[in-house]
$ cat work.tsv   # TSV, C-alpha atoms
chain	number	residue	atom	x	y	z
Q	52	MET	CA	18.66	-3.96	24.11
Q	53	SER	CA	17.15	-1.73	21.53
Q	54	LEU	CA	13.50	-0.91	21.28
Q	55	GLN	CA	11.70	-1.67	18.00
Q	56	LYS	CA	8.80	0.52	16.86
Q	57	THR	CA	6.72	0.91	13.73
Q	58	VAL	CA	6.33	4.43	12.37
Q	59	LEU	CA	4.12	5.45	9.44
Q	60	PHE	CA	5.51	8.42	7.51
Q	61	ALA	CA	2.98	10.41	5.48
Q	62	CYS	CA	2.95	13.35	3.08
Q	63	GLY	CA	0.81	14.60	0.21
Q	64	THR	CA	2.28	12.33	-2.46
Q	65	GLY	CA	3.75	9.62	-0.23
Q	66	ILE	CA	7.10	9.85	-2.04
Q	67	ALA	CA	8.63	13.29	-1.55
Q	68	THR	CA	8.78	14.94	1.85
Q	69	SER	CA	7.86	11.75	3.76
Q	70	THR	CA	10.96	10.08	2.27
Q	71	LEU	CA	13.18	12.82	3.67
Q	72	VAL	CA	11.52	12.72	7.07
Q	73	SER	CA	11.70	8.92	7.18
Q	74	HIS	CA	15.44	8.88	6.49
Q	75	ALA	CA	16.13	11.60	9.07
Q	76	VAL	CA	14.01	10.03	11.82
Q	77	VAL	CA	15.18	6.42	11.29
Q	78	GLU	CA	18.81	7.57	11.46
Q	79	ALA	CA	18.33	9.81	14.51
Q	80	MET	CA	16.35	7.19	16.45
Q	81	LYS	CA	18.96	4.53	15.70
Q	82	GLU	CA	21.46	6.75	17.54
Q	83	ARG	CA	19.00	6.95	20.43
Q	84	GLY	CA	18.61	3.17	20.63
Q	85	ILE	CA	15.25	2.81	18.87
Q	86	LYS	CA	15.03	0.66	15.75
Q	87	ILE	CA	12.26	1.85	13.43
Q	88	ASP	CA	10.26	-0.21	10.99
Q	89	ALA	CA	9.39	2.61	8.57
Q	90	ARG	CA	6.24	2.57	6.45
Q	91	GLN	CA	5.18	5.29	4.07
Q	92	CYS	CA	1.97	6.50	2.46
Q	93	LYS	CA	-0.06	9.47	1.26
Q	94	THR	CA	-1.83	11.51	3.93
Q	95	THR	CA	-5.14	10.45	2.39
Q	96	GLU	CA	-4.23	6.76	2.91
Q	97	VAL	CA	-3.18	7.01	6.58
Q	98	ARG	CA	-6.42	5.67	8.03
Q	99	SER	CA	-6.11	2.38	6.11
Q	100	MET	CA	-2.43	1.91	7.07
Q	101	LEU	CA	-2.63	2.07	10.86
Q	102	THR	CA	-2.46	-1.64	11.76
Q	103	GLY	CA	0.56	-2.22	14.02
Q	104	VAL	CA	1.66	1.43	13.81
Q	105	ASP	CA	3.05	3.04	17.00
Q	106	LEU	CA	3.32	6.59	15.68
Q	107	VAL	CA	2.34	8.57	12.58
Q	108	ILE	CA	4.68	11.37	11.46
Q	109	SER	CA	3.40	13.66	8.70
Q	110	THR	CA	4.42	16.88	6.95
Q	111	THR	CA	0.77	17.77	6.29
Q	112	GLN	CA	-2.30	18.05	8.49
Q	113	LEU	CA	-3.72	14.74	9.74
Q	114	PRO	CA	-7.22	13.88	10.98
Q	115	THR	CA	-7.36	14.37	14.76
Q	116	ASP	CA	-9.14	11.09	15.56
Q	117	LEU	CA	-6.66	8.49	14.27
Q	118	GLY	CA	-6.47	6.63	17.60
Q	119	VAL	CA	-2.66	6.40	17.47
Q	120	PRO	CA	-0.13	9.09	18.41
Q	121	ALA	CA	0.54	11.47	15.53
Q	122	ILE	CA	3.00	14.32	14.96
Q	123	THR	CA	2.86	16.84	12.12
Q	124	THR	CA	6.22	18.50	11.63
Q	125	LEU	CA	8.25	20.41	9.05
Q	126	ALA	CA	11.39	20.40	11.22
Q	127	PHE	CA	13.20	17.91	8.96
Q	128	LEU	CA	12.53	20.10	5.91
Q	129	THR	CA	13.15	23.55	7.36
Q	130	GLY	CA	15.76	22.58	9.95
Q	131	ARG	CA	13.84	24.72	12.44
Q	132	GLY	CA	13.16	22.99	15.80
Q	133	LYS	CA	14.77	19.66	14.85
Q	134	PRO	CA	16.26	18.67	18.27
Q	135	GLU	CA	12.98	19.40	20.08
Q	136	THR	CA	11.01	17.40	17.52
Q	137	LEU	CA	13.37	14.43	17.84
Q	138	ASP	CA	12.97	14.58	21.64
Q	139	LYS	CA	9.20	14.56	21.23
Q	140	ILE	CA	9.34	11.59	18.82
Q	141	GLU	CA	11.63	9.64	21.18
Q	142	ALA	CA	9.41	10.39	24.19
Q	143	THR	CA	6.31	9.26	22.28
Q	144	LEU	CA	7.97	6.02	21.16
Q	145	ARG	CA	9.19	5.26	24.69
Q	146	ALA	CA	5.84	6.07	26.32
C	203	MET	CA	30.61	13.72	7.61
C	204	THR	CA	33.40	14.35	5.11
C	205	ALA	CA	32.82	16.05	1.80
C	206	ASP	CA	33.08	13.93	-1.30
C	207	ALA	CA	34.63	15.69	-4.29
C	208	THR	CA	32.60	13.58	-6.70
C	209	ARG	CA	29.31	14.21	-4.90
C	210	GLN	CA	26.57	15.36	-7.23
C	211	THR	CA	25.09	18.75	-6.50
C	212	LEU	CA	21.76	20.34	-7.28
C	213	ALA	CA	23.35	22.01	-10.28
C	214	ASP	CA	23.65	18.54	-11.84
C	215	HIS	CA	19.85	18.20	-11.78
C	216	ILE	CA	18.90	21.64	-13.10
C	217	GLU	CA	19.06	22.68	-16.73
C	218	HIS	CA	19.64	26.30	-17.77
C	219	GLU	CA	16.14	26.49	-19.26
C	220	ALA	CA	14.62	25.30	-15.97
C	221	ILE	CA	15.72	28.47	-14.17
C	222	ALA	CA	13.59	31.63	-14.05
C	223	LEU	CA	15.06	34.61	-12.21
C	224	ASN	CA	13.40	37.66	-10.76
C	225	VAL	CA	9.98	36.61	-12.06
C	226	GLU	CA	7.18	39.17	-11.96
C	227	ALA	CA	4.29	37.01	-10.74
C	228	THR	CA	1.49	37.89	-8.37
C	229	THR	CA	-0.05	34.45	-7.77
C	230	SER	CA	1.26	31.01	-6.90
C	231	GLU	CA	-0.71	29.68	-9.87
C	232	ALA	CA	1.21	31.88	-12.32
C	233	ILE	CA	4.59	30.75	-11.02
C	234	ILE	CA	3.51	27.09	-10.94
C	235	ARG	CA	2.32	27.29	-14.57
C	236	LEU	CA	5.56	28.95	-15.66
C	237	LEU	CA	7.81	26.33	-14.06
C	238	ALA	CA	5.61	23.39	-15.11
C	239	ASP	CA	5.80	24.68	-18.69
C	240	ARG	CA	9.60	24.74	-18.50
C	241	LEU	CA	9.71	21.16	-17.19
C	242	ALA	CA	7.24	20.03	-19.88
C	243	ARG	CA	9.27	21.63	-22.67
C	244	LEU	CA	12.42	19.93	-21.34
C	245	GLY	CA	10.63	16.57	-21.44
C	246	HIS	CA	10.58	15.99	-17.68
C	247	VAL	CA	6.81	15.96	-17.25
C	248	ARG	CA	3.60	15.22	-19.11
C	249	PRO	CA	1.19	17.99	-20.18
C	250	SER	CA	-1.07	16.93	-17.27
C	251	PHE	CA	1.61	17.94	-14.73
C	252	ALA	CA	0.67	21.63	-14.34
C	253	GLU	CA	-3.00	20.96	-13.53
C	254	ALA	CA	-2.01	18.12	-11.19
C	255	VAL	CA	0.41	20.37	-9.28
C	256	LEU	CA	-2.21	23.13	-9.02
C	257	ALA	CA	-4.82	20.67	-7.73
C	258	ARG	CA	-2.40	19.25	-5.21
C	259	GLU	CA	-1.32	22.74	-4.10
C	260	ALA	CA	-4.96	23.65	-3.42
C	261	GLN	CA	-5.49	20.49	-1.34
C	262	MET	CA	-2.08	20.07	0.26
C	263	PRO	CA	0.08	23.15	-0.15
C	264	THR	CA	3.87	23.14	-0.19
C	265	GLY	CA	4.93	26.43	1.41
C	266	LEU	CA	7.71	25.93	3.96
C	267	PRO	CA	7.96	28.45	6.83
C	268	MET	CA	11.66	29.36	6.96
C	269	GLU	CA	11.08	32.28	9.34
C	270	ARG	CA	12.29	34.66	6.62
C	271	ASP	CA	10.71	37.55	4.67
C	272	ALA	CA	11.00	35.34	1.60
C	273	ASN	CA	10.06	31.73	2.37
C	274	VAL	CA	10.33	28.66	0.15
C	275	ALA	CA	7.78	26.52	-1.70
C	276	VAL	CA	8.33	23.06	-3.22
C	277	PRO	CA	5.32	22.37	-5.49
C	278	HIS	CA	5.12	18.80	-6.82
C	279	THR	CA	2.62	16.04	-7.54
C	280	ASP	CA	2.10	12.33	-8.13
C	281	PRO	CA	4.68	10.33	-10.14
C	282	GLU	CA	2.32	9.39	-12.99
C	283	HIS	CA	2.68	12.92	-14.38
C	284	VAL	CA	6.49	12.67	-14.45
C	285	ILE	CA	8.55	11.32	-17.35
C	286	ARG	CA	12.04	11.75	-15.90
C	287	PRO	CA	13.07	13.44	-12.65
C	288	GLY	CA	14.17	17.04	-12.57
C	289	ILE	CA	13.90	20.39	-10.81
C	290	ALA	CA	12.85	23.83	-11.97
C	291	ILE	CA	13.67	26.87	-9.87
C	292	ALA	CA	12.34	30.41	-9.77
C	293	THR	CA	13.15	33.49	-7.76
C	294	LEU	CA	10.41	36.07	-7.46
C	295	ALA	CA	10.79	39.81	-7.93
C	296	ARG	CA	8.37	40.24	-5.03
C	297	PRO	CA	7.20	37.51	-2.64
C	298	VAL	CA	4.04	35.63	-3.66
C	299	ASP	CA	1.72	33.90	-1.19
C	300	PHE	CA	1.72	30.11	-0.88
C	301	ALA	CA	-0.18	28.25	1.84
C	302	ASN	CA	1.81	26.62	4.65
C	303	MET	CA	2.28	22.85	4.24
C	304	GLU	CA	1.59	22.05	7.89
C	305	SER	CA	-1.09	24.69	8.40
C	306	PRO	CA	-2.94	25.31	5.11
C	307	ASP	CA	-5.00	28.26	6.42
C	308	GLU	CA	-1.81	30.21	6.96
C	309	HIS	CA	-0.23	32.09	4.04
C	310	LEU	CA	3.51	32.52	3.63
C	311	PRO	CA	5.29	35.07	1.46
C	312	VAL	CA	7.52	32.96	-0.82
C	313	GLY	CA	10.58	34.30	-2.64
C	314	ILE	CA	12.04	31.13	-4.08
C	315	VAL	CA	10.27	28.14	-5.64
C	316	PHE	CA	11.73	24.68	-6.29
C	317	MET	CA	9.36	22.68	-8.48
C	318	LEU	CA	10.03	18.96	-8.15
C	319	ALA	CA	9.44	16.31	-10.80
C	320	LEU	CA	9.86	13.07	-8.85
C	321	ASN	CA	8.99	9.51	-9.75
C	322	ASP	CA	11.06	7.25	-7.48
C	323	LYS	CA	11.36	7.90	-3.77
C	324	ASP	CA	14.53	5.90	-3.28
C	325	ARG	CA	16.49	7.27	-6.20
C	326	GLN	CA	15.62	10.91	-5.60
C	327	ILE	CA	16.31	11.07	-1.89
C	328	GLU	CA	19.74	12.66	-2.40
C	329	MET	CA	18.29	15.39	-4.62
C	330	LEU	CA	15.63	16.12	-1.99
C	331	GLN	CA	18.22	16.21	0.78
C	332	GLN	CA	20.29	18.69	-1.25
C	333	ILE	CA	17.29	20.97	-1.69
C	334	MET	CA	16.64	20.96	2.05
C	335	GLU	CA	20.32	21.59	2.84
C	336	THR	CA	20.22	24.48	0.39
C	337	ILE	CA	17.11	26.13	1.82
C	338	GLN	CA	18.33	25.69	5.41
C	339	ASP	CA	21.45	27.74	4.59
C	340	ASP	CA	20.25	31.34	5.05
C	341	ASP	CA	23.33	32.90	3.41
C	342	LEU	CA	22.99	30.66	0.37
C	343	VAL	CA	19.27	31.52	0.03
C	344	ASP	CA	20.17	35.23	0.18
C	345	ALA	CA	22.72	34.65	-2.59
C	346	LEU	CA	20.21	32.68	-4.70
C	347	LEU	CA	17.67	35.50	-4.36
C	348	ALA	CA	20.33	37.97	-5.50
C	349	ALA	CA	21.46	35.89	-8.51
C	350	ARG	CA	20.93	37.78	-11.78
C	351	THR	CA	22.08	35.18	-14.32
C	352	ASN	CA	21.38	31.48	-14.70
C	353	ASP	CA	25.12	30.82	-14.54
C	354	GLN	CA	25.34	32.57	-11.18
C	355	MET	CA	22.44	30.47	-9.94
C	356	LEU	CA	24.00	27.21	-11.14
C	357	ALA	CA	27.38	28.14	-9.62
C	358	LEU	CA	25.71	28.78	-6.26
C	359	LEU	CA	23.75	25.51	-6.42
C	360	GLY	CA	26.92	23.67	-7.44
C	361	ARG	CA	28.46	24.75	-4.17
C	362	GLY	CA	25.71	22.93	-2.31
C	363	GLY	CA	24.36	23.58	1.17
C	364	SER	CA	26.52	24.26	4.20
C	365	LYS	CA	26.92	20.53	4.89
C	366	ALA	CA	28.34	19.83	1.44
C	367	GLY	CA	31.86	20.90	2.47
C	368	GLU	CA	34.32	23.23	0.75

$ encode --input "work.tsv" --output "structure tokens"
Amino acid sequence: MSLQKTVLFACGTGIATSTLVSHAVVEAMKERGIKIDARQCKTTEVRSMLTGVDLVISTTQLPTDLGVPAITTLAFLTGRGKPETLDKIEATLRA
Amino acid sequence: MTADATRQTLADHIEHEAIALNVEATTSEAIIRLLADRLARLGHVRPSFAEAVLAREAQMPTGLPMERDANVAVPHTDPEHVIRPGIAIATLARPVDFANMESPDEHLPVGIVFMLALNDKDRQIEMLQQIMETIQDDDLVDALLAARTNDQMLALLGRGGSKAGE
């Protein structure tokens, strides 16, 4: 049975880098048995989008007091550290 | 994944006039203004685009740490300043500092700039993926930095990143 989680993807404009990260993470987590309901917004809108969200993944700095797990990563843009980041995302979603 | 002969490449999204090679600039603002002007003259963006990109860069920078001497920046802004999607590209004669996207207090020497005019996240995903494939290919980035004509640049971008196949 696959796990279902809601992830909010954020970046500066809410359309560019968060789109790339969303596609990469949804695909990779599907292979790891986690189905993701992906939402997307600007970093400045994150606080108002947190209802029902299990994890926030952003390419830019996030406030530290969101109250839900959050990961800031450029791994899906630079290709640097991608496997480790996916492991961290999976571990957070399974926690 | 198998390569598709009909697959569009970055070269299909970049006009000759949207390429600036070996630019002598000393600030990120100068290079942003130059590329925004090219995109405006080609009808991709509104006159408000340059200021909007500069404002966004100051708040949320777009330097990507590629662990190279010459890193990459992808300046862009909100869709309301865009008329039709496109990309402008510049290589710099000497690296210029951009702030790091994930850590804005940190400055990165940038040697190649991809300015993005985006207005639809679902339609432009392939273009974005091609840019990331391109910048993740160290040999291709070296070749782009060494390109001395726009035709050379377009030929290199037409080849795509390492994942694009033969």

$ residues_around --input "work.tsv" --residues "Pro306 (chain C)" --least-positions-apart "5" --cutoff "10 Å" --atoms "only C-alpha atoms" --output "list of chain:residue names"
Q:Thr111, Q:Gln112, C:Glu259, C:Ala260, C:Gln261, C:Met262, C:Pro263, C:Thr264, C:Gly265, C:Phe300, C:Ala301

$ write_last_selection --input "work.tsv" --atoms "C-alpha atoms" --output "PDB file, in the frame of the given file"
ATOM      1  CA  THR Q 111       0.770  17.770   6.290  1.00  0.00           C
ATOM      2  CA  GLN Q 112      -2.300  18.050   8.490  1.00  0.00           C
TER       3      GLN Q 112
ATOM      4  CA  GLU C 259      -1.320  22.740  -4.100  1.00  0.00           C
ATOM      5  CA  ALA C 260      -4.960  23.650  -3.420  1.00  0.00           C
ATOM      6  CA  GLN C 261      -5.490  20.490  -1.340  1.00  0.00           C
ATOM      7  CA  MET C 262      -2.080  20.070   0.260  1.00  0.00           C
ATOM      8  CA  PRO C 263       0.080  23.150  -0.150  1.00  0.00           C
ATOM      9  CA  THR C 264       3.870  23.140  -0.190  1.00  0.00           C
ATOM     10  CA  GLY C 265       4.930  26.430   1.410  1.00  0.00           C
ATOM     11  CA  PHE C 300       1.720  30.110  -0.880  1.00  0.00           C
ATOM     12  CA  ALA C 301      -0.180  28.250   1.840  1.00  0.00           C
TER      13      ALA C 301
END

$ closest_atom_pairs --input "work.tsv" --of "chain Q" --to "chain C" --cutoff "8 Å" --atoms "only C-alpha atoms" --output "CSV"
residue,atom,partner,partner_atom,distance
Q:Gly63,CA,C:Met262,CA,6.2
Q:Thr64,CA,C:Asp280,CA,5.7
Q:Ile66,CA,C:Lys323,CA,5.0
Q:Ala67,CA,C:Lys323,CA,6.4
Q:Thr68,CA,C:Leu330,CA,7.9
Q:Thr70,CA,C:Lys323,CA,6.4
Q:Leu71,CA,C:Ile327,CA,6.6
Q:Thr110,CA,C:Glu304,CA,6.0
Q:Thr111,CA,C:Glu304,CA,4.6
Q:Gln112,CA,C:Glu304,CA,5.6
Q:Thr123,CA,C:Glu304,CA,6.8
Q:Thr124,CA,C:Glu304,CA,6.9
Q:Leu125,CA,C:Glu304,CA,7.0
Q:Leu128,CA,C:Met334,CA,5.7
Q:Thr129,CA,C:Gln338,CA,5.9
Q:Gly130,CA,C:Gln338,CA,6.1
Q:Arg131,CA,C:Met268,CA,7.5

$ residues_near_point --input "work.tsv" --point "(2.6, 5.5, 25.3)" --cutoff "12 Å" --atoms "all atoms listed in the file" --output "ChimeraX atom specification"
/Q:56,105-106,118-121,139-146

$ closest_residue --input "work.tsv" --among "Q:Cys92, Q:Leu113, Q:Met80, Q:Val72" --to "Ala126 (chain Q)" --atoms "only C-alpha atoms"
Q:Val72

$ residues_around --input "work.tsv" --residues "Leu359 (chain C)" --least-positions-apart "4" --cutoff "7 Å" --atoms "only C-alpha atoms" --output "ChimeraX atom specification"
/C:211-213,355

$ write_last_selection --input "work.tsv" --atoms "C-alpha atoms" --output "PDB file, in the frame of the given file"
ATOM      1  CA  THR C 211      25.090  18.750  -6.500  1.00  0.00           C
ATOM      2  CA  LEU C 212      21.760  20.340  -7.280  1.00  0.00           C
ATOM      3  CA  ALA C 213      23.350  22.010 -10.280  1.00  0.00           C
ATOM      4  CA  MET C 355      22.440  30.470  -9.940  1.00  0.00           C
TER       5      MET C 355
END

$ atom_distance --input "work.tsv" --atom1 "CA of Thr229 (chain C)" --atom2 "CA of Gly313 (chain C)"
11.8 Å

$ residues_around --input "work.tsv" --residues "Arg83 (chain Q)" --least-positions-apart "3" --cutoff "10 Å" --atoms "all atoms listed in the file" --output "JSON, numbers by chain"
{"Q": [53, 54, 77, 78, 79, 80, 86, 137, 138, 141]}

$ closest_residue --input "work.tsv" --among "Q:Thr136, Q:Thr115, Q:Gln91, Q:Thr102" --to "Cys62 (chain Q)" --atoms "all atoms listed in the file"
Q:Gln91

$ residues_near_point --input "work.tsv" --point "(12.7, 39.0, 2.6)" --cutoff "12 Å" --atoms "all atoms listed in the file" --output "count of residues only"
23

$ residues_around --input "work.tsv" --residues "Val58 (chain Q)" --least-positions-apart "5" --cutoff "7 Å" --atoms "only C-alpha atoms" --output "ChimeraX atom specification"
/Q:87-90,104-107

$ atom_distance --input "work.tsv" --atom1 "CA of Ala252 (chain C)" --atom2 "CA of Ala61 (chain Q)"
22.9 Å

$ atom_distance --input "work.tsv" --atom1 "CA of Ser69 (chain Q)" --atom2 "CA of Glu96 (chain Q)"
13.1 Å

$ closest_residue --input "work.tsv" --among "C:Ser230, C:Val315, C:His283, C:Leu223" --to "Gly245 (chain C)" --atoms "all atoms listed in the file"
C:His283

$ decode --input "work.tsv" --residues "region 319-347 of chain C" --atoms "C-alpha atoms" --output "CSV table (one decimal), in the first residue's frame"
chain,number,residue,atom,x,y,z
C,319,ALA,CA,10.9,34.9,-19.4
C,320,LEU,CA,8.3,32.5,-18.2
C,321,ASN,CA,4.5,32.8,-18.0
C,322,ASP,CA,3.1,29.3,-17.7
C,323,LYS,CA,4.5,26.8,-15.3
C,324,ASP,CA,3.1,23.7,-17.1
C,325,ARG,CA,4.1,24.7,-20.6
C,326,GLN,CA,7.6,25.8,-19.8
C,327,ILE,CA,8.7,22.8,-17.6
C,328,GLU,CA,10.6,21.2,-20.5
C,329,MET,CA,12.5,24.3,-21.2
C,330,LEU,CA,13.5,24.6,-17.5
C,331,GLN,CA,14.5,20.9,-17.4
C,332,GLN,CA,16.7,21.5,-20.5
C,333,ILE,CA,18.4,24.4,-18.8
C,334,MET,CA,19.1,22.4,-15.7
C,335,GLU,CA,20.4,19.4,-17.8
C,336,THR,CA,22.7,21.8,-19.6
C,337,ILE,CA,24.2,23.4,-16.5
C,338,GLN,CA,24.7,20.1,-14.8
C,339,ASP,CA,26.9,19.0,-17.7
C,340,ASP,CA,30.3,20.4,-16.7
C,341,ASP,CA,31.9,19.7,-20.1
C,342,LEU,CA,29.0,21.4,-21.9
C,343,VAL,CA,29.3,24.5,-19.6
C,344,ASP,CA,33.0,24.6,-20.3
C,345,ALA,CA,32.2,24.6,-24.1
C,346,LEU,CA,29.5,27.3,-23.7
C,347,LEU,CA,32.0,29.5,-21.8
